Each structure stands twice: as structure tokens, then as C-alpha cells.
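Data block for query.pdb (PDB, C-alpha atoms and all ligand atoms):
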```
ATOM      1  CA  MET A1497     -14.878  13.619   5.448
ATOM      2  CA  THR A1498     -11.083  13.637   5.062
ATOM      3  CA  THR A1499      -9.714  12.130   1.863
ATOM      4  CA  VAL A1500      -5.997  11.495   1.316
ATOM      5  CA  LEU A1501      -4.157  10.509  -1.842
ATOM      6  CA  TYR A1502      -1.359   7.934  -1.822
ATOM      7  CA  PRO A1503       0.351   8.076  -5.245
ATOM      8  CA  GLY A1504       3.119   5.886  -6.624
ATOM      9  CA  SER A1505       4.327   3.603  -9.374
ATOM     10  CA  PHE A1506       3.509   0.405  -7.418
ATOM     11  CA  ASP A1507       5.284  -1.807  -9.979
ATOM     12  CA  PRO A1508       4.417  -3.958  -8.105
ATOM     13  CA  ILE A1509       2.801  -3.054  -4.755
ATOM     14  CA  HIS A1510       4.761  -4.612  -1.838
ATOM     15  CA  ASN A1511       4.216  -5.117   1.907
ATOM     16  CA  GLY A1512       5.749  -1.734   2.752
ATOM     17  CA  HIS A1513       3.160   0.021   0.580
ATOM     18  CA  VAL A1514       0.373  -2.064   2.142
ATOM     19  CA  GLU A1515       1.506  -1.039   5.611
ATOM     20  CA  ILE A1516       1.383   2.672   4.688
ATOM     21  CA  VAL A1517      -2.156   2.299   3.302
ATOM     22  CA  GLU A1518      -3.255   0.405   6.424
ATOM     23  CA  THR A1519      -1.960   3.242   8.608
ATOM     24  CA  ALA A1520      -3.591   5.918   6.420
ATOM     25  CA  SER A1521      -6.883   4.020   6.414
ATOM     26  CA  ARG A1522      -6.922   4.081  10.236
ATOM     27  CA  LEU A1523      -6.206   7.814  10.309
ATOM     28  CA  PHE A1524      -8.450   9.112   7.524
ATOM     29  CA  ASP A1525     -11.983   8.538   6.249
ATOM     30  CA  ARG A1526     -11.041   7.753   2.645
ATOM     31  CA  VAL A1527      -7.737   6.752   1.083
ATOM     32  CA  VAL A1528      -7.285   6.860  -2.690
ATOM     33  CA  VAL A1529      -4.316   4.831  -3.926
ATOM     34  CA  ALA A1530      -3.292   6.015  -7.395
ATOM     35  CA  THR A1531      -0.809   4.375  -9.723
ATOM     36  CA  LEU A1532       0.898   6.045 -12.652
ATOM     37  CA  HIS A1533       3.615   5.362 -15.156
ATOM     38  CA  ASN A1534       6.598   7.303 -13.821
ATOM     39  CA  PRO A1535       8.605   8.269 -16.947
ATOM     40  CA  GLN A1536      11.732   8.600 -14.782
ATOM     41  CA  LYS A1537      11.615   4.858 -14.110
ATOM     42  CA  GLY A1538      11.742   3.558 -17.711
ATOM     43  CA  THR A1539       9.818   0.522 -18.920
ATOM     44  CA  ALA A1540       7.406  -0.921 -16.369
ATOM     45  CA  LEU A1541       7.010  -4.620 -15.616
ATOM     46  CA  PHE A1542       3.221  -4.479 -15.167
ATOM     47  CA  ASP A1543       0.920  -2.202 -17.145
ATOM     48  CA  LEU A1544      -1.371   0.159 -15.256
ATOM     49  CA  ALA A1545      -4.409  -2.142 -15.477
ATOM     50  CA  GLU A1546      -2.420  -5.037 -13.957
ATOM     51  CA  ARG A1547      -1.001  -2.813 -11.228
ATOM     52  CA  ARG A1548      -4.492  -1.595 -10.343
ATOM     53  CA  GLU A1549      -5.748  -5.142 -10.208
ATOM     54  CA  LEU A1550      -2.870  -6.219  -7.926
ATOM     55  CA  ILE A1551      -3.331  -3.175  -5.680
ATOM     56  CA  GLU A1552      -7.061  -3.885  -5.379
ATOM     57  CA  ALA A1553      -6.425  -7.550  -4.540
ATOM     58  CA  SER A1554      -3.770  -6.602  -1.955
ATOM     59  CA  LEU A1555      -5.962  -4.006  -0.225
ATOM     60  CA  ALA A1556      -9.302  -5.812  -0.376
ATOM     61  CA  HIS A1557      -9.338  -6.054   3.454
ATOM     62  CA  LEU A1558      -9.526  -2.233   3.791
ATOM     63  CA  HIS A1559     -13.005  -0.861   3.257
ATOM     64  CA  ASN A1560     -12.261   2.865   2.992
ATOM     65  CA  VAL A1561      -9.645   2.485   0.244
ATOM     66  CA  GLU A1562     -10.168   3.129  -3.478
ATOM     67  CA  VAL A1563      -7.732   2.454  -6.299
ATOM     68  CA  THR A1564      -7.253   4.460  -9.476
ATOM     69  CA  SER A1565      -4.629   5.230 -12.100
ATOM     70  CA  PHE A1566      -3.650   8.608 -13.494
ATOM     71  CA  ALA A1567      -1.494  10.428 -16.026
ATOM     72  CA  SER A1568      -1.340  13.944 -14.623
ATOM     73  CA  LEU A1569       0.488  15.817 -11.907
ATOM     74  CA  VAL A1570      -0.111  14.329  -8.457
ATOM     75  CA  VAL A1571      -1.394  17.679  -7.199
ATOM     76  CA  ASP A1572      -3.962  17.916 -10.004
ATOM     77  CA  LEU A1573      -5.319  14.504  -9.065
ATOM     78  CA  ALA A1574      -5.341  15.515  -5.382
ATOM     79  CA  LYS A1575      -7.465  18.569  -6.234
ATOM     80  CA  LYS A1576      -9.793  16.572  -8.474
ATOM     81  CA  LEU A1577     -10.369  14.084  -5.629
ATOM     82  CA  ASP A1578     -10.751  16.895  -3.101
ATOM     83  CA  ALA A1579      -7.943  15.260  -1.091
ATOM     84  CA  SER A1580      -6.785  17.148   1.995
ATOM     85  CA  PHE A1581      -3.281  15.674   1.827
ATOM     86  CA  ILE A1582      -0.912  13.637  -0.270
ATOM     87  CA  VAL A1583       0.453  10.726   1.793
ATOM     88  CA  LYS A1584       3.958   9.353   1.230
ATOM     89  CA  GLY A1585       5.843   6.579   3.030
ATOM     90  CA  LEU A1586       9.393   7.153   4.222
ATOM     91  CA  ARG A1587      11.720   4.169   4.444
ATOM     92  CA  ALA A1588      14.976   5.878   5.351
ATOM     93  CA  VAL A1589      16.768   9.216   5.414
ATOM     94  CA  SER A1590      17.686   8.623   1.771
ATOM     95  CA  ASP A1591      13.982   8.872   0.828
ATOM     96  CA  PHE A1592      13.539  12.021   2.860
ATOM     97  CA  GLU A1593      15.673  14.356   0.779
ATOM     98  CA  SER A1594      13.853  13.841  -2.537
ATOM     99  CA  GLU A1595      10.431  13.497  -0.894
ATOM    100  CA  LEU A1596      10.891  16.763   1.009
ATOM    101  CA  GLN A1597      11.789  18.542  -2.225
ATOM    102  CA  MET A1598       8.714  17.066  -3.955
ATOM    103  CA  ALA A1599       6.463  17.967  -1.015
ATOM    104  CA  GLN A1600       7.701  21.557  -0.920
ATOM    105  CA  THR A1601       7.348  21.896  -4.694
ATOM    106  CA  ASN A1602       3.829  20.468  -4.602
ATOM    107  CA  THR A1603       2.791  22.865  -1.818
ATOM    108  CA  THR A1604       4.262  25.798  -3.743
ATOM    109  CA  ILE A1605       2.481  25.026  -7.017
ATOM    110  CA  SER A1606      -0.869  23.956  -5.580
ATOM    111  CA  GLY A1607      -1.183  24.535  -1.832
ATOM    112  CA  VAL A1608      -1.637  20.760  -1.313
ATOM    113  CA  ASP A1609       0.429  19.526   1.647
ATOM    114  CA  THR A1610       2.133  16.148   2.044
ATOM    115  CA  LEU A1611       2.093  13.965   5.153
ATOM    116  CA  PHE A1612       4.880  11.447   5.690
ATOM    117  CA  ILE A1613       4.261   8.094   7.328
ATOM    118  CA  PRO A1614       7.383   6.202   8.426
ATOM    119  CA  SER A1615       7.803   2.553   7.415
ATOM    120  CA  ALA A1616       8.097  -0.094  10.099
ATOM    121  CA  SER A1617      11.723  -1.223  10.404
ATOM    122  CA  ASN A1618      10.882  -4.667   9.018
ATOM    123  CA  HIS A1619       9.685  -3.026   5.792
ATOM    124  CA  SER A1620      12.226  -0.246   5.409
ATOM    125  CA  PHE A1621      14.423  -2.166   2.949
ATOM    126  CA  LEU A1622      11.603  -3.096   0.574
ATOM    127  CA  ALA A1623      11.757  -1.717  -2.960
ATOM    128  CA  SER A1624       9.748  -2.726  -6.038
ATOM    129  CA  LYS A1625      12.905  -2.590  -8.126
ATOM    130  CA  LEU A1626      14.655  -5.246  -6.009
ATOM    131  CA  ILE A1627      11.530  -7.385  -5.880
ATOM    132  CA  ARG A1628      11.313  -7.354  -9.697
ATOM    133  CA  GLU A1629      14.967  -8.336  -9.925
ATOM    134  CA  ILE A1630      14.647 -11.237  -7.457
ATOM    135  CA  ALA A1631      11.498 -12.533  -9.163
ATOM    136  CA  ARG A1632      13.072 -12.233 -12.620
ATOM    137  CA  PHE A1633      15.775 -14.715 -11.554
ATOM    138  CA  GLY A1634      13.336 -17.092  -9.853
ATOM    139  CA  GLY A1635      14.047 -15.976  -6.256
ATOM    140  CA  ASP A1636      11.520 -16.149  -3.411
ATOM    141  CA  VAL A1637       9.640 -12.878  -2.867
ATOM    142  CA  THR A1638       6.790 -14.267  -0.752
ATOM    143  CA  ALA A1639       7.980 -12.507   2.440
ATOM    144  CA  MET A1640       7.954  -9.133   0.682
ATOM    145  CA  VAL A1641       4.739  -8.933  -1.306
ATOM    146  CA  PRO A1642       1.059  -9.823  -0.802
ATOM    147  CA  PRO A1643       0.117 -13.332  -2.099
ATOM    148  CA  PRO A1644      -1.617 -12.119  -5.317
ATOM    149  CA  VAL A1645       1.560 -10.239  -6.289
ATOM    150  CA  ALA A1646       3.827 -13.215  -5.541
ATOM    151  CA  GLU A1647       1.619 -15.426  -7.715
ATOM    152  CA  ARG A1648       1.581 -12.936 -10.593
ATOM    153  CA  LEU A1649       5.365 -12.466 -10.464
ATOM    154  CA  GLN A1650       5.900 -16.209 -10.486
ATOM    155  CA  ALA A1651       3.591 -16.604 -13.479
ATOM    156  CA  ARG A1652       5.229 -13.717 -15.315
ATOM    157  CA  PHE A1653       8.725 -15.120 -15.014
ATOM    158  CA  ALA A1654       7.941 -18.857 -15.093
ATOM    159  CA  THR A1655       8.651 -19.181 -18.805
ATOM    160  CA  SER A1656      11.669 -16.879 -18.973
ATOM    161  CA  ASN A1657      13.464 -18.799 -16.199
ATOM    162  CA  GLU A1658      13.339 -21.960 -18.262
ATOM    163  CA  GLU A1659      15.431 -20.322 -20.971
ATOM    164  CA  THR A1660      19.057 -21.346 -21.196
ATOM    165  CA  PRO A1661      21.557 -18.492 -21.021
ATOM    166  CA  ARG A1662      23.127 -17.562 -24.338
TER     167      ARG A1662
HETATM  168  O1  LIG B1701       8.556   6.698  -6.481
HETATM  169  P1  LIG B1701       7.297   6.526  -7.301
HETATM  170  O2  LIG B1701       6.414   5.478  -6.702
HETATM  171  O3  LIG B1701       7.630   6.196  -8.737
HETATM  172  O4  LIG B1701       6.542   7.922  -7.243
HETATM  173  C1  LIG B1701       5.794   8.409  -8.306
HETATM  174  C2  LIG B1701       5.193   9.782  -7.939
HETATM  175  C3  LIG B1701       4.477  10.365  -9.135
HETATM  176  C4  LIG B1701       4.200   9.614  -6.819
HETATM  177  C5  LIG B1701       6.306  10.739  -7.513
HETATM  178  O5  LIG B1701       7.265  10.783  -8.504
HETATM  179  C6  LIG B1701       5.773  12.143  -7.261
HETATM  180  O6  LIG B1701       5.154  12.409  -6.251
HETATM  181  N1  LIG B1701       6.035  13.068  -8.218
HETATM  182  C7  LIG B1701       5.612  14.441  -8.155
HETATM  183  C8  LIG B1701       5.584  15.016  -9.535
HETATM  184  C9  LIG B1701       4.349  14.571 -10.272
HETATM  185  O7  LIG B1701       3.248  15.003 -10.016
HETATM  186  N2  LIG B1701       4.539  13.662 -11.226
HETATM  187  C10 LIG B1701       3.441  13.098 -11.990
HETATM  188  C11 LIG B1701       3.691  13.039 -13.435
HETATM  189  S1  LIG B1701       5.240  12.432 -13.923
END
```
Please lay out the structure from this file as C-alpha cells.
Ligand code: PNS
Amino acid sequence: MTTVLYPGSFDPIHNGHVEIVETASRLFDRVVVATLHNPQKGTALFDLAERRELIEASLAHLHNVEVTSFASLVVDLAKKLDASFIVKGLRAVSDFESELQMAQTNTTISGVDTLFIPSASNHSFLASKLIREIARFGGDVTAMVPPPVAERLQARFATSNEETPR
């Protein structure tokens, strides 16, 4: 049985992430999606429990996918899960440079290899950071995220959008 690990912040999960998991779930026996707090990204919008819940709701149609959260190196989790590969999505050349460096570093320190799956062109602009920003100001994110995420974003910012600017 081939297990792969798809790690990320997923704050929140969007349609581009879903597409990568769908592809991985067709290619491999078991896909573990793992969310962590990435200290390089500052304060998160959703805590890890909420992110897990939203990931699970967004991937409920895929039966060989599991969701977890972690607070260790990605490679340590990959070994713990007995994953054959780490899977990463690539949106554009700009992703490639940093992802290649991470993949090479991870192989060097652990022997765990990374497989890249390219995004479809209609998802290549998606970024959680932009989605958070649009939702914060009451914009429409329904074309970019699964329905449970759109609902949660709307609920999260419903009150703050009623505030008058100071
Ligand atoms: O871009 P993301 O979604 O925030 O990616 C997060 C993560 C951890 C998957 C990415 O930064 C990565 O692969 N990092 C490798 C280093 C590592 O293992 N970090 C974990 C502890 S900070």
C-alpha cells in the first residue's frame, strides 16, 4: 500500500488544494492531509481544530483520504506515517524555487522524496492569503473555496463587517 503525505497550512483549504488531493487520491492508495501552524506565516485565521474540520468537510467525497494536524518537521511525520512521498502542489514557477529547495533539503535530511503535482490553470492563482483578505472585507469567495469553507468565512467575518470604520 502506498501512502503519501500532503502537508500545508490550509488556512483555509481552497479549491486548488482540493484538486491536488483529488489527483493524489487517484494515484495512491492512501493520502494523509496534514495541517500545521506555520510560524513563518504569523497569526492564523482558523485554529488547527477548525482547519481540520474544514478539510474533512471539503474532502468527505474521497474515501482514501485522512486528515491530521502536526507540530513537527514534515519529514518526521512522513516517516511516522510510513509515507512513501511528500506531495506538494505547484501553481506557478514562483512556487517552484522555494518548493525545490524544501524538497532537496527534506531528501537530504531524511531520504523522503517529494512529488510535485501541477495545479490546473483555473486554480493556479488561488491563495489562502488572498481568500482571507477578500472574505475579511465581505467579498465573494464562493468560486474559490468548498461550500463549508465559504460558509465558515462568512460567519467569521459577518460581525466585523458591520463595524463602522474609525
Ligand atoms: O505553504 P504552507 O502551506 O504554509 O506549507 C507549510 C509546510 C510545513 C508544508 C512547508 O513550509 C514545508 O514543507 N516546510 C518544510 C519544513 C518543515 O518541516 N516545517 C515544519 C515545521 S515549521
| said: At a cut-off of 7 Å and counting only C-alpha atoms and all ligand atoms, what residues surround ligand LIG 1701 (chain B)? Please answer as a ChimeraX atom specification. | reply: /A:1503-1506,1532,1534-1535,1537,1567-1571,1598
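The residue that comes closest to Glu1629 (chain A), out of A:Lys1576, A:Pro1508, A:Pro1642, A:Thr1498 and on the basis of only C-alpha atoms, is A:Pro1508.
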Running the PyMOL selection byres (((chain A and resi 1633) around 10) and not hetatm) on this model by hand, what would come out? Give it as an NGL selection string.
:A and (1628-1632 or 1634-1636 or 1653-1654 or 1656-1657)
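Closest approach to Leu1611 (chain A) among A:Glu1595, A:Asp1578, A:Glu1562, A:Asp1507: A:Glu1595, based on all atoms listed in the file.
Nearest to Lys1575 (chain A) of all the residues A:Ser1606, A:Val1589, A:Ala1599, A:Ser1554 is A:Ser1606, based on only C-alpha atoms.
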Adding 3 Å on each side of the box along x, y and z that holds all listed atoms of region 1559-1569 of chain A, could you give its centre and edge lengths in Å to one decimal, as lines of an AutoDock Vina configuration file?
```
center_x = -6.3
center_y = 7.5
center_z = -6.4
size_x = 19.5
size_y = 22.7
size_z = 25.3
```
* Separation of CA of Phe1612 (chain A) and CA of Leu1596 (chain A), in Å? ->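 Between CA of Phe1612 (chain A) and CA of Leu1596 (chain A) the gap works out to 9.3 Å.
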Name the residues that the PyMOL selection byres (((chain A and resi 1528) around 8) and not hetatm) picks from the file above, as a VMD selection string, using the file's chain letters and numbers. chain A and resid 1499 to 1502 1526 to 1527 1529 to 1530 1561 to 1564
From the list A:His1619, A:Ala1646, A:Val1517, A:Val1608, the nearest residue to Leu1577 (chain A) using all atoms listed in the file is A:Val1608
Students should find that CA of Asp1525 (chain A) and CA of Thr1610 (chain A) are spaced 16.6 Å
Q | Shell around Pro1644 (chain A) at 8 Å using only C-alpha atoms, local window under 4 positions removed, as a ChimeraX atom specification | A | /A:1550,1553-1554,1648
Restricting to all atoms listed in the file, whichever of A:Thr1539, A:Gln1597, A:Ser1590, A:Ser1580 is closest to Asp1609 (chain A) is A:Ser1580
Compile the contact shell of Glu1515 (chain A) as a list in words: residues with an atom at most 8 Å away, counting all atoms listed in the file, same-chain residues fewer than 4 positions apart removed.
->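 Counting all atoms listed in the file, the residues come to Asn1511, Thr1519 and Ser1615 of chain A.
Distance-wise, CA of Ile1582 (chain A) and CA of Gln1600 (chain A) end up 11.7 Å apart.
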Reconstruct region 1574-1592 of chain A at the level of N, CA, C and O atoms, and format the result as a PDB file, in the coordinates of the input.
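Written file, rebuild-v9.pdb:
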```pdb
ATOM      1  N   ALA A1574      -4.936  15.244  -6.769  1.00  0.00           N
ATOM      2  CA  ALA A1574      -5.341  15.515  -5.382  1.00  0.00           C
ATOM      3  C   ALA A1574      -6.494  16.527  -5.360  1.00  0.00           C
ATOM      4  O   ALA A1574      -7.483  16.346  -4.630  1.00  0.00           O
ATOM      5  N   LYS A1575      -6.393  17.553  -6.204  1.00  0.00           N
ATOM      6  CA  LYS A1575      -7.465  18.569  -6.234  1.00  0.00           C
ATOM      7  C   LYS A1575      -8.759  17.983  -6.787  1.00  0.00           C
ATOM      8  O   LYS A1575      -9.837  18.246  -6.263  1.00  0.00           O
ATOM      9  N   LYS A1576      -8.611  17.189  -7.850  1.00  0.00           N
ATOM     10  CA  LYS A1576      -9.793  16.572  -8.474  1.00  0.00           C
ATOM     11  C   LYS A1576     -10.542  15.693  -7.464  1.00  0.00           C
ATOM     12  O   LYS A1576     -11.769  15.631  -7.450  1.00  0.00           O
ATOM     13  N   LEU A1577      -9.762  14.998  -6.612  1.00  0.00           N
ATOM     14  CA  LEU A1577     -10.369  14.084  -5.629  1.00  0.00           C
ATOM     15  C   LEU A1577     -10.814  14.808  -4.367  1.00  0.00           C
ATOM     16  O   LEU A1577     -11.362  14.198  -3.464  1.00  0.00           O
ATOM     17  N   ASP A1578     -10.486  16.116  -4.312  1.00  0.00           N
ATOM     18  CA  ASP A1578     -10.751  16.895  -3.101  1.00  0.00           C
ATOM     19  C   ASP A1578      -9.989  16.303  -1.900  1.00  0.00           C
ATOM     20  O   ASP A1578     -10.513  16.246  -0.775  1.00  0.00           O
ATOM     21  N   ALA A1579      -8.764  15.846  -2.166  1.00  0.00           N
ATOM     22  CA  ALA A1579      -7.943  15.260  -1.091  1.00  0.00           C
ATOM     23  C   ALA A1579      -7.343  16.366  -0.226  1.00  0.00           C
ATOM     24  O   ALA A1579      -6.859  17.378  -0.742  1.00  0.00           O
ATOM     25  N   SER A1580      -7.360  16.152   1.078  1.00  0.00           N
ATOM     26  CA  SER A1580      -6.785  17.148   1.995  1.00  0.00           C
ATOM     27  C   SER A1580      -5.268  17.069   1.997  1.00  0.00           C
ATOM     28  O   SER A1580      -4.596  18.067   2.228  1.00  0.00           O
ATOM     29  N   PHE A1581      -4.735  15.860   1.802  1.00  0.00           N
ATOM     30  CA  PHE A1581      -3.281  15.674   1.827  1.00  0.00           C
ATOM     31  C   PHE A1581      -2.859  14.611   0.820  1.00  0.00           C
ATOM     32  O   PHE A1581      -3.629  13.700   0.518  1.00  0.00           O
ATOM     33  N   ILE A1582      -1.594  14.739   0.415  1.00  0.00           N
ATOM     34  CA  ILE A1582      -0.912  13.637  -0.270  1.00  0.00           C
ATOM     35  C   ILE A1582      -0.198  12.876   0.846  1.00  0.00           C
ATOM     36  O   ILE A1582       0.381  13.487   1.744  1.00  0.00           O
ATOM     37  N   VAL A1583      -0.245  11.545   0.797  1.00  0.00           N
ATOM     38  CA  VAL A1583       0.453  10.726   1.793  1.00  0.00           C
ATOM     39  C   VAL A1583       1.622  10.038   1.111  1.00  0.00           C
ATOM     40  O   VAL A1583       1.479   9.511   0.007  1.00  0.00           O
ATOM     41  N   LYS A1584       2.780  10.063   1.748  1.00  0.00           N
ATOM     42  CA  LYS A1584       3.958   9.353   1.230  1.00  0.00           C
ATOM     43  C   LYS A1584       4.577   8.549   2.370  1.00  0.00           C
ATOM     44  O   LYS A1584       4.602   9.008   3.521  1.00  0.00           O
ATOM     45  N   GLY A1585       5.117   7.379   2.042  1.00  0.00           N
ATOM     46  CA  GLY A1585       5.843   6.579   3.030  1.00  0.00           C
ATOM     47  C   GLY A1585       7.316   6.944   2.999  1.00  0.00           C
ATOM     48  O   GLY A1585       7.854   7.267   1.937  1.00  0.00           O
ATOM     49  N   LEU A1586       7.942   6.903   4.149  1.00  0.00           N
ATOM     50  CA  LEU A1586       9.393   7.153   4.222  1.00  0.00           C
ATOM     51  C   LEU A1586      10.072   5.920   4.782  1.00  0.00           C
ATOM     52  O   LEU A1586       9.771   5.480   5.884  1.00  0.00           O
ATOM     53  N   ARG A1587      11.007   5.365   3.981  1.00  0.00           N
ATOM     54  CA  ARG A1587      11.720   4.169   4.444  1.00  0.00           C
ATOM     55  C   ARG A1587      12.974   4.539   5.221  1.00  0.00           C
ATOM     56  O   ARG A1587      13.328   3.902   6.202  1.00  0.00           O
ATOM     57  N   ALA A1588      13.673   5.544   4.764  1.00  0.00           N
ATOM     58  CA  ALA A1588      14.976   5.878   5.351  1.00  0.00           C
ATOM     59  C   ALA A1588      15.292   7.334   5.046  1.00  0.00           C
ATOM     60  O   ALA A1588      14.578   7.986   4.269  1.00  0.00           O
ATOM     61  N   VAL A1589      16.368   7.813   5.635  1.00  0.00           N
ATOM     62  CA  VAL A1589      16.768   9.216   5.414  1.00  0.00           C
ATOM     63  C   VAL A1589      16.969   9.473   3.924  1.00  0.00           C
ATOM     64  O   VAL A1589      16.666  10.555   3.418  1.00  0.00           O
ATOM     65  N   SER A1590      17.439   8.450   3.212  1.00  0.00           N
ATOM     66  CA  SER A1590      17.686   8.623   1.771  1.00  0.00           C
ATOM     67  C   SER A1590      16.401   8.973   1.010  1.00  0.00           C
ATOM     68  O   SER A1590      16.439   9.682   0.013  1.00  0.00           O
ATOM     69  N   ASP A1591      15.252   8.490   1.463  1.00  0.00           N
ATOM     70  CA  ASP A1591      13.982   8.872   0.828  1.00  0.00           C
ATOM     71  C   ASP A1591      13.634  10.322   1.152  1.00  0.00           C
ATOM     72  O   ASP A1591      13.009  11.009   0.358  1.00  0.00           O
ATOM     73  N   PHE A1592      14.031  10.751   2.342  1.00  0.00           N
ATOM     74  CA  PHE A1592      13.539  12.021   2.860  1.00  0.00           C
ATOM     75  C   PHE A1592      13.927  13.210   1.987  1.00  0.00           C
ATOM     76  O   PHE A1592      13.110  14.093   1.706  1.00  0.00           O
TER      77      PHE A1592
END
```
